[in-house]
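Enquirer: The structure under discussion is supplied below as structure tokens; questions concerning it will follow.
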Amino acid sequence: MTNQPEISSITPITSVLVANRGEIARRVFAACRRRGIATVAVFSDADAHSPHVADADAAVHLPGNAPGETYLRGDLIIEAAQRAGADAIHPGYGFLSENADFAEQVQAAGLTWIGPDPDAIRLMGSKVESKARMADAGVPVLNRLDPAEVTEEHLPVLVKASSGGGGRGMRIVRSLTEIDDAVASASREAASAFGDPTVFVERYLESGHHVEVQVMADAHGTVWALGERECSLQRRHQKVIEEAPSPLVDRVGEQMRTALLDAGRNAAASVNYRGAGTVEFLAMPDGSFFFLEMNTRLQVEHPVTECVTGTDLVALQIEVAEGRQLTGDEPTPRGWSMEARLYAEDPNDDWRPQTGTIAALDLPGVTSHFEIPAHHGLRLDSGVEAGSVIGTHYDAMIAKVISFAPTRAEAARELASALRRGRVHGLASNRDLLVASLLHPEMLAGTADTSFYDRHDPTSLTADASLAPDLAALIASIADGARTRAQRQVLGPVGGGFRNVPSIFQRRGYAHGEQELHVGHRLGHEGLEVEALPAGVTSVDIIEATAGSVVIDLDGVRRRFDVAPIPAGDGGDAAVAIDSPMGSLTLRVLPRFVDPAAQKPAGTLVAPMPGSIIGVAVQVGDEVTAGQPLLYLEAMKMEHEVAAPASGTVVEISVSVGQQVEQGATLAVVEDQSQGEDEA
């Protein structure tokens, strides 16, 4: 081990600007506060009221909303640091975190860059060049393929952006006829997301496990490998659930772990790496593994490594940037940690991102925020709070929920329980899918691989994960009836069943997705009476009911449900959230009267979310087939395809490339051929 550097070679950091937003900005601020370092935030127009702005000691406005106007403007960020008196910049992850030019500009401005050297960023930022370097260093790699030379024997293959990450610019190709379109689409998305259209092709291993090694290196030759993580549960190549250590590596044995950690150290040493980084591998059940890429930054999933090693990775980043040496023994893992990414998205609707205001975010059992639980507990890292808005400009992640427990089974069970019992109101989320995934037999056995969601459709996974819609509608109706009675000015305390003759059923309407639910109930002399019992229910009676809580006897078992109304906002319908140990569900409240003028004609394609039109593939008069792509919408940093709902003729196109549209806006109208034939 090298000697401790001279004091004169250490440059203490006194104030850090985080060139990022949301959860990662708050995470870095928390580490800075623990070290007595001042903090500076930057924020766009959309983030003016974001919690990360309130967390900082000072904040500087970056006018505009689009990342290209704000968080990707390195010149404005450096100017903000100088204006606020910061002497260091932490890039977080995403945006400019792996931009070598920005790192050089920060250093040229006399500021400390809390990250690796620009040369290492530049080399490892190119997946093409980094694979060549890794091969020279003896790290196993998959061979690069020329798209023009791919044959049936190579299929399936993966088209992948050379720069960036996060699943953008990636396409799986299973047919030779799809290659050209996949390369063009991936290149277009990579250019939009990373400013680099370069893509490459490699063999796609269907049943691989995504295993990565966390490295930390100083400027004095010390390189640590802080164990491995597994991130095999992914949708669209974006991670959903991560854990440390890796169950695959645990199952194969210490020989594989030793080889992996050695490969991680060798990868970092081969580029004279400094700071925190992650070396990602695709690993197979037989213990073989292949280099994928190196992320020259902190990873979203870094908390699971922090929990099992007891190491604050952000604090180490700061120490290394100051010139300090990593001291002591390389940390070794203990216990188990799992992280679930709670997203504002609907997995049952092709993972469609959601926008709106978070009405409630409350998870039971949380023992820490942005720091390691002392021994055993639940950690919550979130960039939003109740009242925050999930918009279209940035990532749709609501929070990272992290469990830390002595065993893997406990970590999975406790994380699933917290998610199931939590309150996540205001917009659709992947909460039910996370619960179902954590408790799935493959996940519990540690055998789930990167094809998990290809083999297990989210709709089937969550079929039993939430409340039945008809039961939820009955609970909502009972609570609404209790609210109405409580607001009566006359005979308020008198129960609803106090009548000489029976009253009519009180009817209310709700919706879950496309399913409409109409409930009729009344309180009579004999208790609760319903027009139709929920499916599978033989008896139900009210024990007690208020506007916010309903306790019922359901087939002889007493159950409690919490009910929270969600006001209408931004043109959307009012809703009601029902939470219980049986699961949770949010229903839209159907209006009693519908304005006919608000009805759209058949065949109308509407924007599934707010975003920007980046492509129009048809013209008025074109004949199209069902499922044919008509338009392309960019929202939440992803490209979304809008397809024809049926075969027919395009009779209207209401948008143009570059236009911003709101959710529900008319994009085009297709006249259904079969409808026209029926009329004829």
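By convention here, the chains of the structure tokens are called A, B, ... in the order presented, each chain's residues are numbered starting at 1, and ligands are numbered starting at 1 in the order presented.
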Dump as a tab-separated table the rows for residues of segment 435-463 of chain A within 10 Å of segment 407-426 of chain A: closest atom pair and distance in Å with one decimal, only C-alpha atoms counted, ordered by chain and rising residue number.

Expert:
```
residue	atom	partner	partner_atom	distance
A:Val435	CA	A:Ala416	CA	4.9
A:Ala436	CA	A:Ala416	CA	8.0
A:Ser437	CA	A:Ala416	CA	8.8
A:Leu438	CA	A:Ala412	CA	5.9
A:Leu439	CA	A:Arg413	CA	7.2
A:Met443	CA	A:Ala412	CA	8.9
A:Leu444	CA	A:Ala409	CA	6.9
A:Ala445	CA	A:Ala409	CA	9.2
A:Gly446	CA	A:Arg408	CA	9.2
```

Enquirer: How close does each residue of segment 363-474 of chain A get to segment 538-557 of chain A, giving the shortest atom pair and distance in Å to one decimal for every residue with an atom at most 12 Å away, counting only C-alpha atoms, sorted by chain and residue number, as a tab-separated table?

Expert:
```
residue	atom	partner	partner_atom	distance
A:Leu471	CA	A:Leu554	CA	10.1
A:Ala472	CA	A:Val550	CA	10.9
A:Leu474	CA	A:Val540	CA	10.2
```

Enquirer: So that I have them on file, write out the residues from the current selection with all heavy atoms, as a compact mmCIF listing (two decimals), in the first residue's frame.

Expert:
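Saved to out_0.txt:
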```txt
# COMPACT_ATOMS: atom_id res chain seq x y z
N LEU A 471 -64.24 -5.00 -6.29
CA LEU A 471 -64.21 -4.83 -4.84
C LEU A 471 -63.73 -3.43 -4.48
O LEU A 471 -64.28 -2.78 -3.58
CB LEU A 471 -63.30 -5.89 -4.21
CG LEU A 471 -63.08 -5.77 -2.69
CD1 LEU A 471 -64.41 -5.84 -1.94
CD2 LEU A 471 -62.12 -6.85 -2.20
N ALA A 472 -62.70 -2.95 -5.18
CA ALA A 472 -62.20 -1.60 -4.92
C ALA A 472 -63.29 -0.57 -5.17
O ALA A 472 -63.43 0.41 -4.42
CB ALA A 472 -60.98 -1.32 -5.79
N LEU A 474 -66.52 -0.98 -4.87
CA LEU A 474 -67.48 -1.04 -3.76
C LEU A 474 -66.94 -0.30 -2.54
O LEU A 474 -67.67 0.47 -1.90
CB LEU A 474 -67.79 -2.49 -3.42
CG LEU A 474 -68.69 -2.70 -2.20
CD1 LEU A 474 -70.05 -2.04 -2.41
CD2 LEU A 474 -68.85 -4.20 -1.90
```

Enquirer: Residues at most 12 Å from segment 511-521 of chain A, counting only C-alpha atoms, excluding those fewer than 2 positions away in the same chain, as a short mmCIF file (atom, residue, chain, number, x, y, z; two decimals) with N, CA, C and O atoms, in the first residue's frame?

Expert:
```
data_model
loop_
_atom_site.label_atom_id
_atom_site.label_comp_id
_atom_site.auth_asym_id
_atom_site.auth_seq_id
_atom_site.Cartn_x
_atom_site.Cartn_y
_atom_site.Cartn_z
N ASP A 346 -46.95 2.54 -16.62
CA ASP A 346 -47.95 1.47 -16.59
C ASP A 346 -47.38 0.26 -17.32
O ASP A 346 -47.40 0.19 -18.54
N ASN A 348 -48.57 -2.60 -17.74
CA ASN A 348 -49.59 -3.32 -18.48
C ASN A 348 -50.00 -2.61 -19.76
O ASN A 348 -50.80 -3.13 -20.53
N ASP A 349 -49.48 -1.40 -19.97
CA ASP A 349 -49.75 -0.64 -21.19
C ASP A 349 -48.43 -0.35 -21.89
O ASP A 349 -48.08 0.80 -22.15
N ALA A 428 -50.34 6.40 -12.17
CA ALA A 428 -50.05 4.98 -12.23
C ALA A 428 -48.56 4.74 -12.00
O ALA A 428 -47.71 5.56 -12.37
N SER A 466 -53.01 -6.90 -7.09
CA SER A 466 -53.74 -5.73 -6.60
C SER A 466 -55.17 -6.12 -6.28
O SER A 466 -55.62 -7.23 -6.55
N LEU A 467 -55.90 -5.19 -5.71
CA LEU A 467 -57.30 -5.41 -5.41
C LEU A 467 -58.09 -5.67 -6.69
O LEU A 467 -57.79 -5.10 -7.74
N ALA A 468 -59.11 -6.51 -6.58
CA ALA A 468 -60.01 -6.68 -7.72
C ALA A 468 -60.74 -5.35 -7.94
O ALA A 468 -61.22 -4.73 -6.98
N PRO A 469 -60.83 -4.89 -9.17
CA PRO A 469 -61.46 -3.59 -9.43
C PRO A 469 -62.89 -3.48 -8.91
O PRO A 469 -63.29 -2.42 -8.39
N ASP A 470 -63.68 -4.56 -9.00
CA ASP A 470 -65.07 -4.45 -8.54
C ASP A 470 -65.15 -4.33 -7.02
O ASP A 470 -66.00 -3.60 -6.49
N LEU A 471 -64.24 -5.00 -6.29
CA LEU A 471 -64.21 -4.83 -4.84
C LEU A 471 -63.73 -3.43 -4.48
O LEU A 471 -64.28 -2.78 -3.58
N ALA A 472 -62.70 -2.95 -5.18
CA ALA A 472 -62.20 -1.60 -4.92
C ALA A 472 -63.29 -0.57 -5.17
O ALA A 472 -63.43 0.41 -4.42
N ALA A 473 -64.08 -0.76 -6.22
CA ALA A 473 -65.16 0.18 -6.53
C ALA A 473 -66.21 0.19 -5.43
O ALA A 473 -66.74 1.25 -5.06
N LEU A 474 -66.52 -0.98 -4.87
CA LEU A 474 -67.48 -1.04 -3.76
C LEU A 474 -66.94 -0.30 -2.54
O LEU A 474 -67.67 0.47 -1.90
N ILE A 475 -65.67 -0.49 -2.22
CA ILE A 475 -65.06 0.20 -1.08
C ILE A 475 -65.10 1.71 -1.31
O ILE A 475 -65.45 2.48 -0.40
N ALA A 476 -64.76 2.15 -2.52
CA ALA A 476 -64.78 3.58 -2.83
C ALA A 476 -66.19 4.14 -2.70
O ALA A 476 -66.38 5.26 -2.19
N SER A 477 -67.17 3.38 -3.13
CA SER A 477 -68.56 3.83 -3.05
C SER A 477 -69.02 3.94 -1.60
O SER A 477 -69.70 4.90 -1.22
N ILE A 478 -68.63 2.97 -0.76
CA ILE A 478 -69.00 3.02 0.66
C ILE A 478 -68.38 4.24 1.32
O ILE A 478 -69.03 4.96 2.10
N ALA A 479 -67.10 4.51 1.04
CA ALA A 479 -66.43 5.67 1.63
C ALA A 479 -67.06 6.98 1.16
O ALA A 479 -67.22 7.92 1.94
N ASP A 480 -67.42 7.03 -0.12
CA ASP A 480 -68.05 8.24 -0.64
C ASP A 480 -69.42 8.46 0.00
O ASP A 480 -69.81 9.59 0.30
N GLY A 481 -70.14 7.36 0.22
CA GLY A 481 -71.42 7.48 0.91
C GLY A 481 -71.25 7.99 2.34
O GLY A 481 -72.03 8.82 2.82
N ALA A 482 -70.19 7.51 3.04
CA ALA A 482 -69.92 7.98 4.39
C ALA A 482 -69.58 9.47 4.38
O ALA A 482 -69.97 10.22 5.29
N GLY A 496 -77.75 5.81 7.59
CA GLY A 496 -78.42 5.79 6.30
C GLY A 496 -79.56 4.80 6.24
O GLY A 496 -80.41 4.89 5.36
N GLY A 497 -79.61 3.83 7.13
CA GLY A 497 -80.67 2.83 7.09
C GLY A 497 -81.90 3.22 7.88
O GLY A 497 -82.84 2.44 7.99
N PRO A 502 -87.54 1.18 2.16
CA PRO A 502 -86.17 1.14 1.62
C PRO A 502 -85.93 2.29 0.63
O PRO A 502 -86.81 2.66 -0.14
N SER A 503 -84.71 2.82 0.68
CA SER A 503 -84.32 3.85 -0.29
C SER A 503 -83.83 3.17 -1.56
O SER A 503 -83.61 1.96 -1.59
N ILE A 504 -83.68 3.95 -2.59
CA ILE A 504 -83.12 3.39 -3.82
C ILE A 504 -81.62 3.18 -3.63
O ILE A 504 -81.01 3.75 -2.72
N PHE A 505 -81.03 2.35 -4.47
CA PHE A 505 -79.59 2.15 -4.40
C PHE A 505 -78.88 3.43 -4.82
O PHE A 505 -79.27 4.09 -5.79
N GLN A 506 -77.84 3.79 -4.09
CA GLN A 506 -77.01 4.93 -4.45
C GLN A 506 -75.93 4.44 -5.42
O GLN A 506 -75.12 3.58 -5.07
N ARG A 507 -75.97 4.96 -6.63
CA ARG A 507 -75.10 4.44 -7.69
C ARG A 507 -73.95 5.41 -7.96
O ARG A 507 -74.13 6.62 -8.03
N ARG A 508 -72.78 4.82 -8.14
CA ARG A 508 -71.58 5.60 -8.47
C ARG A 508 -70.80 4.85 -9.54
O ARG A 508 -70.84 3.61 -9.58
N GLY A 509 -70.08 5.62 -10.37
CA GLY A 509 -69.34 5.01 -11.47
C GLY A 509 -67.84 5.25 -11.35
O GLY A 509 -67.39 6.35 -11.01
N LEU A 523 -77.75 1.39 2.64
CA LEU A 523 -77.75 0.90 4.02
C LEU A 523 -79.20 0.74 4.45
O LEU A 523 -79.94 1.72 4.59
N GLY A 524 -79.60 -0.49 4.66
CA GLY A 524 -80.96 -0.78 5.07
C GLY A 524 -81.04 -1.22 6.51
O GLY A 524 -80.05 -1.16 7.26
N GLY A 527 -78.49 -3.78 7.33
CA GLY A 527 -77.09 -3.47 7.07
C GLY A 527 -76.84 -3.15 5.61
O GLY A 527 -77.73 -2.63 4.91
N LEU A 528 -75.67 -3.48 5.12
CA LEU A 528 -75.27 -3.15 3.76
C LEU A 528 -75.99 -4.04 2.75
O LEU A 528 -76.02 -5.26 2.90
N GLU A 529 -76.55 -3.40 1.73
CA GLU A 529 -77.14 -4.12 0.62
C GLU A 529 -76.49 -3.61 -0.66
O GLU A 529 -76.31 -2.42 -0.85
N VAL A 530 -76.12 -4.54 -1.54
CA VAL A 530 -75.49 -4.15 -2.81
C VAL A 530 -76.28 -4.76 -3.96
O VAL A 530 -76.89 -5.82 -3.83
N GLU A 531 -76.27 -4.05 -5.08
CA GLU A 531 -76.96 -4.56 -6.27
C GLU A 531 -76.30 -5.83 -6.77
O GLU A 531 -76.98 -6.76 -7.21
N ALA A 532 -74.96 -5.85 -6.74
CA ALA A 532 -74.24 -7.03 -7.22
C ALA A 532 -72.97 -7.18 -6.39
O ALA A 532 -72.20 -6.23 -6.25
N LEU A 533 -72.77 -8.37 -5.82
CA LEU A 533 -71.56 -8.61 -5.04
C LEU A 533 -70.34 -8.69 -5.97
O LEU A 533 -70.45 -9.12 -7.13
N PRO A 534 -69.17 -8.27 -5.49
CA PRO A 534 -67.95 -8.45 -6.29
C PRO A 534 -67.74 -9.92 -6.62
O PRO A 534 -68.17 -10.81 -5.89
N VAL A 540 -70.82 -9.62 2.39
CA VAL A 540 -70.07 -8.44 2.78
C VAL A 540 -70.95 -7.58 3.67
O VAL A 540 -72.16 -7.44 3.42
N ASP A 541 -70.36 -7.05 4.72
CA ASP A 541 -71.11 -6.16 5.60
C ASP A 541 -70.15 -5.11 6.16
O ASP A 541 -68.94 -5.35 6.29
N ILE A 542 -70.71 -3.95 6.49
CA ILE A 542 -69.90 -2.85 7.00
C ILE A 542 -69.72 -2.98 8.51
O ILE A 542 -70.69 -3.16 9.25
N ASP A 573 -59.55 13.35 -14.93
CA ASP A 573 -60.68 13.04 -14.04
C ASP A 573 -60.22 12.95 -12.59
O ASP A 573 -59.05 12.67 -12.31
N ALA A 574 -61.16 13.16 -11.68
CA ALA A 574 -60.88 12.89 -10.28
C ALA A 574 -60.69 11.38 -10.12
O ALA A 574 -61.12 10.58 -10.95
N ALA A 575 -60.01 10.99 -9.05
CA ALA A 575 -59.73 9.57 -8.83
C ALA A 575 -59.85 9.27 -7.35
O ALA A 575 -60.00 10.18 -6.51
N VAL A 576 -59.77 8.00 -7.02
CA VAL A 576 -59.79 7.58 -5.63
C VAL A 576 -58.82 6.41 -5.49
O VAL A 576 -58.81 5.49 -6.32
N ALA A 577 -57.97 6.46 -4.45
CA ALA A 577 -56.99 5.41 -4.20
C ALA A 577 -57.44 4.58 -3.01
O ALA A 577 -57.84 5.12 -1.97
N LEU A 585 -55.22 -0.07 -5.33
CA LEU A 585 -55.74 0.22 -6.66
C LEU A 585 -56.23 1.67 -6.68
O LEU A 585 -56.74 2.18 -5.68
N THR A 586 -56.04 2.30 -7.81
CA THR A 586 -56.56 3.65 -8.02
C THR A 586 -57.60 3.59 -9.13
O THR A 586 -57.34 3.02 -10.20
N LEU A 587 -58.76 4.15 -8.88
CA LEU A 587 -59.85 4.17 -9.84
C LEU A 587 -60.15 5.60 -10.26
O LEU A 587 -60.08 6.52 -9.44
N ARG A 588 -60.47 5.79 -11.51
CA ARG A 588 -60.98 7.08 -11.96
C ARG A 588 -62.44 7.19 -11.57
O ARG A 588 -63.20 6.22 -11.65
N VAL A 589 -62.83 8.38 -11.16
CA VAL A 589 -64.24 8.64 -10.83
C VAL A 589 -64.93 9.11 -12.10
O VAL A 589 -64.56 10.13 -12.67
N LEU A 590 -65.91 8.35 -12.54
CA LEU A 590 -66.61 8.72 -13.77
C LEU A 590 -67.55 9.89 -13.50
O LEU A 590 -68.31 9.88 -12.51
N PRO A 591 -67.54 10.90 -14.36
CA PRO A 591 -68.47 12.02 -14.18
C PRO A 591 -69.90 11.56 -14.42
O PRO A 591 -70.16 10.64 -15.22
N ARG A 592 -70.83 12.18 -13.76
CA ARG A 592 -72.24 11.80 -13.92
C ARG A 592 -72.75 12.17 -15.30
O ARG A 592 -73.63 11.51 -15.86
#
```

Enquirer: With only C-alpha atoms as the counted atoms, please give the residues lying no more than 6 Å from segment 619-629 of chain A, apart from itself and same-chain residues fewer than 4 positions off, as a ChimeraX atom specification.

Expert: /A:642-652

Enquirer: Can you tell me, as number ranges by chain, what residues are no more than 9 Å from Gly377 of chain A when counting only C-alpha atoms, ignoring any on the same chain fewer than 6 positions away?

Expert: A: 365-368, 402-405, 411, 414

Enquirer: Listing only residues of segment 297-365 of chain A within 7 Å of segment 263-284 of chain A, what is the closest atom pair and its distance in Å (to one decimal) for each, using only C-alpha atoms, sorted by chain and residue number ascending, as a Markdown table?

Expert:
```
| residue | atom | partner | partner_atom | distance |
| --- | --- | --- | --- | --- |
| A:Arg297 | CA | A:Gly277 | CA | 5.1 |
| A:Leu298 | CA | A:Ala276 | CA | 6.0 |
| A:Gln317 | CA | A:Gly275 | CA | 5.6 |
| A:Val320 | CA | A:Gly275 | CA | 6.1 |
```

Enquirer: Which residues are near Glu339 of chain A? Cut-off 6 Å, only C-alpha atoms, ignore same chain within fewer than 5 positions. Put them as a list in words.

Expert: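 Non-adjacent residues within range: Ile241, Glu242, Val401 and Ile402 of chain A.
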
Enquirer: Would you please work out which residue, of A:Arg229, A:His302, A:His90, A:Arg455, is nearest to Leu248 of chain A when using only C-alpha atoms?

Expert: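 Of A:Arg229, A:His302, A:His90, A:Arg455, the one nearest Leu248 of chain A is A:Arg229, counting only C-alpha atoms.
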
Enquirer: Work out how far atom CA of Ala668 of chain A is from atom CA of Thr604 of chain A, in Å to one decimal.

Expert: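 Separation of atom CA of Thr604 of chain A and atom CA of Ala668 of chain A: 6.0 Å.
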